[in-house]
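Peer 1: For reference, this is start-v5.csv, and it has CSV, C-alpha atoms.
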chain,number,residue,atom,x,y,z
A,1,HIS,CA,145.2,291.6,-26.7
A,2,GLU,CA,141.8,290.6,-28.2
A,3,GLU,CA,143.5,289.7,-31.5
A,4,CYS,CA,146.1,287.7,-29.7
A,5,LEU,CA,143.5,285.9,-27.7
A,6,ALA,CA,141.6,284.9,-30.9
A,7,ILE,CA,144.8,283.6,-32.4
A,8,LYS,CA,145.7,281.6,-29.3
A,9,ARG,CA,142.2,280.1,-29.1
A,10,GLU,CA,142.4,279.2,-32.8
A,11,ILE,CA,145.7,277.3,-32.4
A,12,GLY,CA,144.8,275.8,-29.0
A,13,ASP,CA,147.6,277.4,-27.1
A,14,ARG,CA,146.2,277.2,-23.5
A,15,LEU,CA,149.1,279.0,-21.9
A,16,GLY,CA,148.9,281.8,-24.6
A,17,ILE,CA,145.1,282.0,-24.0
A,18,ALA,CA,145.7,282.4,-20.2
A,19,ASN,CA,148.3,285.1,-20.7
A,20,ALA,CA,146.1,287.0,-23.2
A,21,LEU,CA,143.2,286.8,-20.7
A,22,ASP,CA,145.5,288.1,-17.9
A,23,GLU,CA,146.4,291.1,-20.0
A,24,LEU,CA,142.7,291.7,-21.0
A,25,GLY,CA,141.8,291.5,-17.3
A,26,ALA,CA,144.4,294.2,-16.5
A,27,VAL,CA,143.0,296.5,-19.2
A,28,ALA,CA,139.4,295.9,-18.0
A,29,SER,CA,140.5,296.7,-14.4
A,30,ALA,CA,142.1,299.9,-15.5
A,31,GLN,CA,138.9,300.8,-17.3
A,32,GLY,CA,136.7,300.0,-14.3
A,33,ASP,CA,134.9,297.2,-16.2
A,34,PHE,CA,134.6,294.8,-13.3
A,35,GLU,CA,132.3,292.4,-15.0
A,36,SER,CA,134.9,291.8,-17.7
A,37,VAL,CA,137.6,291.6,-15.0
A,38,ARG,CA,135.9,288.7,-13.4
A,39,ASN,CA,135.3,287.0,-16.7
A,40,PHE,CA,138.8,287.4,-18.1
A,41,TRP,CA,140.7,286.6,-14.8
A,42,GLY,CA,138.2,283.9,-13.9
A,43,GLU,CA,138.9,282.0,-17.2
A,44,CYS,CA,142.6,282.8,-16.8
A,45,LEU,CA,142.7,281.2,-13.4
A,46,ALA,CA,140.7,278.2,-14.6
A,47,ILE,CA,143.2,277.6,-17.3
A,48,PHE,CA,146.2,277.8,-15.0
A,49,GLY,CA,144.4,275.4,-12.7
A,50,GLU,CA,144.0,272.9,-15.6
A,51,LEU,CA,147.6,273.4,-16.7
A,52,GLY,CA,148.9,272.5,-13.1
A,53,SER,CA,151.8,273.8,-11.2
A,54,SER,CA,154.2,273.1,-14.0
A,55,ALA,CA,152.7,276.0,-16.0
A,56,PRO,CA,154.7,279.2,-15.9
A,57,GLY,CA,152.8,282.4,-15.6
A,58,PRO,CA,150.1,282.5,-12.9
A,59,THR,CA,152.2,284.9,-10.8
A,60,HIS,CA,151.4,288.0,-12.9
A,61,CYS,CA,147.7,287.2,-12.9
A,62,LEU,CA,147.8,286.6,-9.1
A,63,GLU,CA,149.6,289.9,-8.6
A,64,SER,CA,147.0,291.7,-10.8
A,65,ILE,CA,144.2,290.3,-8.8
A,66,ALA,CA,146.0,291.3,-5.6
A,67,CYS,CA,146.0,294.9,-6.8
A,68,TYR,CA,142.3,294.6,-7.9
A,69,ALA,CA,141.5,293.2,-4.4
A,70,VAL,CA,143.1,296.3,-2.8
A,71,LYS,CA,141.0,298.6,-5.1
A,72,GLU,CA,137.9,296.7,-4.0
A,73,GLY,CA,138.6,297.2,-0.3
A,74,LYS,CA,140.0,293.6,0.2
A,75,ALA,CA,143.5,294.6,1.2
A,76,GLU,CA,144.2,291.6,3.3
A,77,GLN,CA,143.2,289.2,0.5
A,78,GLY,CA,145.3,291.2,-1.9
A,79,ALA,CA,148.4,290.8,0.3
A,80,THR,CA,147.7,287.1,0.7
A,81,LEU,CA,147.6,286.8,-3.0
A,82,TRP,CA,150.8,288.7,-3.4
A,83,GLY,CA,152.5,286.3,-0.9
A,84,ALA,CA,151.2,283.4,-2.9
A,85,ALA,CA,152.5,284.9,-6.2
A,86,GLU,CA,155.9,285.5,-4.6
A,87,ALA,CA,156.1,281.8,-3.5
A,88,ILE,CA,155.1,280.5,-6.9
A,89,GLN,CA,157.6,282.9,-8.5
A,90,ARG,CA,160.3,281.6,-6.2
A,91,GLN,CA,159.4,277.9,-6.8
A,92,SER,CA,159.5,278.5,-10.6
A,93,GLY,CA,163.0,279.8,-10.4
A,94,VAL,CA,162.1,282.5,-13.0
A,95,PRO,CA,162.8,285.9,-11.6
A,96,VAL,CA,160.8,289.1,-12.4
A,97,GLN,CA,162.1,290.2,-15.8
A,98,PRO,CA,164.2,293.5,-15.7
A,99,SER,CA,161.7,295.1,-18.2
A,100,GLN,CA,158.8,294.3,-15.8
A,101,ARG,CA,160.6,295.1,-12.5
A,102,ALA,CA,159.4,298.8,-12.2
A,103,ASP,CA,155.8,297.8,-12.7
A,104,HIS,CA,156.2,294.9,-10.3
A,105,GLU,CA,157.6,297.1,-7.6
A,106,ARG,CA,154.9,299.8,-8.2
A,107,ARG,CA,152.1,297.1,-7.9
A,108,LYS,CA,153.7,295.6,-4.8
A,109,ALA,CA,153.8,299.1,-3.2
A,110,VAL,CA,150.0,299.5,-3.8
A,111,VAL,CA,149.4,296.3,-1.9
A,112,ARG,CA,151.9,297.1,0.8
A,113,ALA,CA,150.5,300.6,1.5
A,114,ALA,CA,147.0,299.2,2.1
A,115,LEU,CA,147.8,297.5,5.4
A,116,SER,CA,149.7,298.0,8.7
A,117,GLU,CA,153.1,296.4,8.8
A,118,SER,CA,151.8,293.5,11.0
A,119,ALA,CA,148.7,292.8,9.0
A,120,TYR,CA,150.7,292.9,5.8
A,121,ALA,CA,153.3,290.5,7.2
A,122,ARG,CA,150.6,288.1,8.4
A,123,ALA,CA,148.8,288.1,5.0
A,124,ILE,CA,152.0,287.7,3.0
A,125,GLU,CA,153.0,284.7,5.2
A,126,HIS,CA,149.6,283.2,4.8
A,127,GLY,CA,149.9,283.5,1.0
A,128,ARG,CA,153.4,282.1,0.9
A,129,LYS,CA,152.2,278.9,2.6
A,130,MET,CA,149.6,278.2,-0.1
A,131,THR,CA,150.1,275.7,-2.8
A,132,PRO,CA,149.6,277.0,-6.3
A,133,LYS,CA,146.3,275.2,-6.5
A,134,GLU,CA,145.1,276.8,-3.2
A,135,ALA,CA,146.3,280.2,-4.4
A,136,LEU,CA,144.3,279.9,-7.7
A,137,ALA,CA,141.2,278.8,-5.8
A,138,PHE,CA,141.6,281.7,-3.3
A,139,ALA,CA,142.0,284.2,-6.2
A,140,ARG,CA,138.8,283.0,-7.7
A,141,ARG,CA,137.0,283.6,-4.4
A,142,VAL,CA,138.5,287.1,-4.3
A,143,LEU,CA,137.0,287.9,-7.7
What's the structure tokens form of this structure?
Peer 2:
Amino acid sequence: HEECLAIKREIGDRLGIANALDELGAVASAQGDFESVRNFWGECLAIFGELGSSAPGPTHCLESIACYAVKEGKAEQGATLWGAAEAIQRQSGVPVQPSQRADHERRKAVVRAALSESAYARAIEHGRKMTPKEALAFARRVL
């Protein structure tokens, strides 16, 4: 992912940079390197913010930050982000890819299990009402 990031930076591929940063953030989160998590995902969110709502891709980053939020004891914020990611995914018209479906469902279950049914439903609904710009700003605050 670091090599991919270097190449994407060299050619100026902003979407590619954001996607590589998203993947590096996920690796850093799995390794418990939370300073790097904030740096990678922070830059990733900033790029998606610059690219605007026409950019594909912020859903995976938002979902990753949702799981991170749950790990950090911020379950309600995590569910809110998950709801926002679902709304953006739906608006994009691009479904979760079959090769990513199992991971997607596993991560959703992590977020779902962290709250009562009613708290989860409220947080999801709150996230679904966010615009993409609001969701990215919210995710930056969660980090």
Peer 1: At a cut-off of 12 Å, can you tabulate as CSV every residue of range 58-121 of chain A near range 35-42 of chain A together with its closest atom pair and the distance in Å to one decimal, using only C-alpha atoms and ordering rows by chain then number?
Peer 2:
residue,atom,partner,partner_atom,distance
A:Pro58,CA,A:Trp41,CA,10.4
A:His60,CA,A:Trp41,CA,11.0
A:Cys61,CA,A:Trp41,CA,7.3
A:Leu62,CA,A:Trp41,CA,9.1
A:Glu63,CA,A:Trp41,CA,11.3
A:Ser64,CA,A:Trp41,CA,9.0
A:Ile65,CA,A:Trp41,CA,7.9
A:Ala66,CA,A:Trp41,CA,11.6
A:Tyr68,CA,A:Val37,CA,9.0
A:Ala69,CA,A:Val37,CA,11.4
Peer 1: Can you tell me which residues surround Gly49 in chain A at a distance of at most 7 Å, considering all atoms listed in the file, apart from same-chain residues fewer than 4 positions away, and format the answer as a list of chain:residue names?
Peer 2: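 Near neighbours after the sequence-gap exclusion: A:Leu45, A:Lys133, A:Leu136.
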Peer 1: From the set A:Arg140, A:Val70, A:Phe48, A:Ser29, which residue has the shortest atom-to-atom contact distance to Arg112 in chain A, counting all atoms listed in the file?
Peer 2: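 For Arg112 in chain A, the nearest of the candidates is A:Val70.
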Peer 1: Please measure the separation of CA of Ala26 in chain A and CA of Trp82 in chain A, giving the value in Å to one decimal.
Peer 2: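 These two atoms are separated by 15.6 Å.
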Peer 1: Which of these residues is nearest to Leu81 in chain A, using only C-alpha atoms: A:Gln31, A:Ser116, A:Gln97, A:Thr131?
Peer 2: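 Nearest to Leu81 in chain A: A:Thr131.
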Peer 1: What's the separation between CA of His126 in chain A and CA of Pro95 in chain A, in Å to one decimal place?
Peer 2: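 Interatomic distance here is 21.2 Å.
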Peer 1: A:Gly127, A:Gly16, A:Gly32, A:Gly57: which is nearest Ser92 in chain A, counting only C-alpha atoms?
Peer 2: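 The shortest atom-to-atom distance to Ser92 in chain A comes from A:Gly57.
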Peer 1: Using all atoms listed in the file, find the one residue out of A:Ser99, A:Gly52, A:Ala123, A:Gln91 that sits nearest to Ala79 in chain A.
Peer 2: A:Ala123
Peer 1: May I ask for the distance between CA of Pro132 in chain A and CA of Ile17 in chain A, given in Å to one decimal place?
Peer 2: 18.9 Å
Peer 1: Given all atoms listed in the file as the basis, pick out the residue of A:Arg9, A:Arg128, A:Arg141, A:Arg14 nearest to Ile88 in chain A.
Peer 2: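 Result for the nearest residue to Ile88 in chain A: A:Arg128.
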Peer 1: Measuring atom to atom with only C-alpha atoms, identify which of A:Thr80, A:His104, A:Pro98, A:Ala87 is nearest to Ala119 in chain A.
Peer 2: A:Thr80
